[in-house]
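Undergrad: Input: one structure, supplied below.
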Amino acid sequence: MNSEFLFTDHDFSKIRTLIHRRAGIALGEQKRQMVYSRLSRRLRELRLPEFSRYLELLESSHHDHEEWQVFINSLTTNLTSFFREAHHFPVLAEHVKRSRQPVTVWCAAASTGEEPYSIAITLAEALGERAGSARVIATDIDTAVLAKASAGVFTQEQVARLPAERLRRFFNKGTGSNAGKVRVRPELAAMVKFERLNLLDPVWPVKEPVDAIFCRNVMIYFDKPTQKRILDRFEPLLKPGALLFAGHSENASLVSPNFRTTGQTVYELDRKGRA
């Protein structure tokens with residue numbers, strides 16, 4: 001098959017190295033076509049004839065050059081929906097009801113916002129009048145999806161599976177040019193703070209201990225040493241009894257002996273079992 005751009009084995013190998021170094025993402029050989037497809041768009045925009053020229057541009061750019069962020073955004077996957085993996089949210093609700101202190105939950109892969117807003121809805125429903133002091137810290141490496149998330153605007157299709165009562169309580173219906181869309185109500189939006197975060201960054205904006213961390217369908221993109229390193233950094237950020245929520249195909253207890261299973265892809269720091 002003829003390709004629009006020259007894309008050699010060396011190019012693919014270098015891309016795999018760069019995205020792993022920058023974002024911890026481990027791309028398998030089967031991702032070659034995905035990489036070609038996503039980065040080809042950028043080559044067209046920059047009017048570059050081949051991948052080697054794009055890689056030269058990247059490697060000659062400063063560490064903080066905006067092209068590095070475009071590169072990362074292009075290769076991250078953002079599959080999400082409201083109340084995805086729904087079994088986690090009743091567990092979160094029961095957990096925070098027991099807290100007498102202000103509740104903070106960290107969503108480590110905010111994507112376009114459906115997950116952190118689902119968390120905020122859960123907190124609002126579970127905490128009642130105490131929800132005003134609850135916070136959701138929502139981070140993601142991809143600046144493009146964070147911009148969408150912070151806008152809080154969704155199509156009717158995106159919220160179609162939400163019960164009518166939740167739609168009425170937590171969303172405003174669009175009119176005029178916004179017909180067919182909804183926007184998160186200000187009181188719910190005020191609970192969520194969006195920030196860019198690369199989990200490989202030496203310093204994280206999350207400083208205080210939290211009641212729960214949602215890091216779902218993120219670890220699958222990292223190799224085992226990177227997974228272990230991130231889980232180790234989660235530990236001091238978890239309050240006693242705090243919960244870690246993982247994706248359906250992830251198992252924190254296999255990567256770190258310091259976590260024990262407390263439910264379906266729900267984990268707790270095993271403080272007694274630690275050395």
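Identifiers in this document derive from the order of the structure tokens: chains are assigned A, B, ..., residues are numbered from 1 separately in each chain, and ligands are numbered from 1 in order of occurrence.
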Hey, what's within 10 Å of Val206 of chain A if we count only C-alpha atoms and toss same-chain stuff fewer than 4 positions away? As a compact mmCIF listing (two decimals) with N, CA and C atoms, in the first residue's frame, please?

TA:
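The file below, part.txt, is the result:
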# COMPACT_ATOMS: atom_id res chain seq x y z
N TRP A 106 -9.13 12.96 43.49
CA TRP A 106 -8.27 13.28 42.34
C TRP A 106 -8.63 12.37 41.19
N ALA A 108 -7.15 11.43 37.80
CA ALA A 108 -5.82 11.58 37.19
C ALA A 108 -5.83 11.50 35.67
N ILE A 137 -10.08 17.29 41.90
CA ILE A 137 -8.90 17.75 41.16
C ILE A 137 -8.84 16.90 39.89
N ALA A 138 -8.96 17.54 38.74
CA ALA A 138 -9.05 16.82 37.46
C ALA A 138 -7.84 17.17 36.60
N THR A 139 -6.99 16.19 36.35
CA THR A 139 -5.77 16.44 35.59
C THR A 139 -5.70 15.55 34.36
N GLU A 195 -6.44 20.89 35.66
CA GLU A 195 -5.03 21.27 35.51
C GLU A 195 -4.32 20.26 34.62
N LEU A 197 -1.39 17.85 33.81
CA LEU A 197 -0.41 17.09 34.57
C LEU A 197 0.08 15.91 33.76
N VAL A 210 -5.73 12.90 49.70
CA VAL A 210 -7.07 12.86 49.11
C VAL A 210 -7.82 11.62 49.61
N PHE A 234 1.67 7.71 44.50
CA PHE A 234 0.30 7.87 44.99
C PHE A 234 0.23 7.70 46.51
N LEU A 237 -0.14 10.44 49.06
CA LEU A 237 -1.26 11.33 48.77
C LEU A 237 -2.61 10.74 49.18

Undergrad: Could you give me, as a PyMOL selection string, the residues within 6 Å of Ile213 of chain A, counting only C-alpha atoms and dropping anything in the same chain fewer than 2 positions from it?

TA: chain A and resi 105-107+244

Undergrad: Based on the selection just made, write all heavy atoms of those residues as a PDB file, in the first residue's frame.

TA:
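As written to disk, part.pdb reads:
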ATOM      1  N   VAL A 105     -11.244  14.427  45.867  1.00  0.00           N
ATOM      2  CA  VAL A 105     -10.999  13.277  44.988  1.00  0.00           C
ATOM      3  C   VAL A 105     -10.143  13.744  43.822  1.00  0.00           C
ATOM      4  O   VAL A 105     -10.399  14.805  43.243  1.00  0.00           O
ATOM      5  CB  VAL A 105     -12.323  12.674  44.468  1.00  0.00           C
ATOM      6  CG1 VAL A 105     -12.047  11.525  43.498  1.00  0.00           C
ATOM      7  CG2 VAL A 105     -13.188  12.190  45.626  1.00  0.00           C
ATOM      8  N   TRP A 106      -9.130  12.963  43.491  1.00  0.00           N
ATOM      9  CA  TRP A 106      -8.274  13.284  42.345  1.00  0.00           C
ATOM     10  C   TRP A 106      -8.631  12.372  41.185  1.00  0.00           C
ATOM     11  O   TRP A 106      -8.580  11.148  41.310  1.00  0.00           O
ATOM     12  CB  TRP A 106      -6.810  13.114  42.730  1.00  0.00           C
ATOM     13  CG  TRP A 106      -5.835  13.334  41.599  1.00  0.00           C
ATOM     14  CD1 TRP A 106      -6.052  14.001  40.426  1.00  0.00           C
ATOM     15  CD2 TRP A 106      -4.474  12.884  41.548  1.00  0.00           C
ATOM     16  NE1 TRP A 106      -4.928  13.997  39.644  1.00  0.00           N
ATOM     17  CE2 TRP A 106      -3.943  13.324  40.297  1.00  0.00           C
ATOM     18  CE3 TRP A 106      -3.667  12.164  42.412  1.00  0.00           C
ATOM     19  CZ2 TRP A 106      -2.633  13.040  39.924  1.00  0.00           C
ATOM     20  CZ3 TRP A 106      -2.364  11.888  42.041  1.00  0.00           C
ATOM     21  CH2 TRP A 106      -1.853  12.340  40.810  1.00  0.00           C
ATOM     22  N   CYS A 107      -8.997  12.962  40.058  1.00  0.00           N
ATOM     23  CA  CYS A 107      -9.204  12.242  38.805  1.00  0.00           C
ATOM     24  C   CYS A 107      -7.962  12.470  37.954  1.00  0.00           C
ATOM     25  O   CYS A 107      -7.746  13.581  37.446  1.00  0.00           O
ATOM     26  CB  CYS A 107     -10.463  12.756  38.099  1.00  0.00           C
ATOM     27  SG  CYS A 107     -10.730  12.052  36.472  1.00  0.00           S
ATOM     28  N   LEU A 244      -8.233   3.707  45.792  1.00  0.00           N
ATOM     29  CA  LEU A 244      -7.688   3.876  44.446  1.00  0.00           C
ATOM     30  C   LEU A 244      -8.579   3.096  43.491  1.00  0.00           C
ATOM     31  O   LEU A 244      -8.778   1.886  43.669  1.00  0.00           O
ATOM     32  CB  LEU A 244      -6.251   3.359  44.377  1.00  0.00           C
ATOM     33  CG  LEU A 244      -5.629   3.250  42.978  1.00  0.00           C
ATOM     34  CD1 LEU A 244      -5.454   4.635  42.349  1.00  0.00           C
ATOM     35  CD2 LEU A 244      -4.278   2.529  43.044  1.00  0.00           C
TER      36      LEU A 244
END

Undergrad: With only C-alpha atoms as the basis for distance, which of A:Lys181, A:Arg168, A:Arg135, A:His88 is at the shortest distance from Val266 of chain A?

TA: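 Smallest distance to Val266 of chain A is found for A:His88.
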
Undergrad: Calculate how many Å separate atom CA of Ser249 of chain A from atom CA of Leu39 of chain A, rounding to one decimal.

TA: 27.3 Å

Undergrad: Which is closer to Ala109 of chain A than all the others in A:Ser256, A:Ser40, A:Ser3, A:Thr77, using only C-alpha atoms?

TA: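 Among A:Ser256, A:Ser40, A:Ser3, A:Thr77, it is A:Thr77 that comes nearest to Ala109 of chain A.
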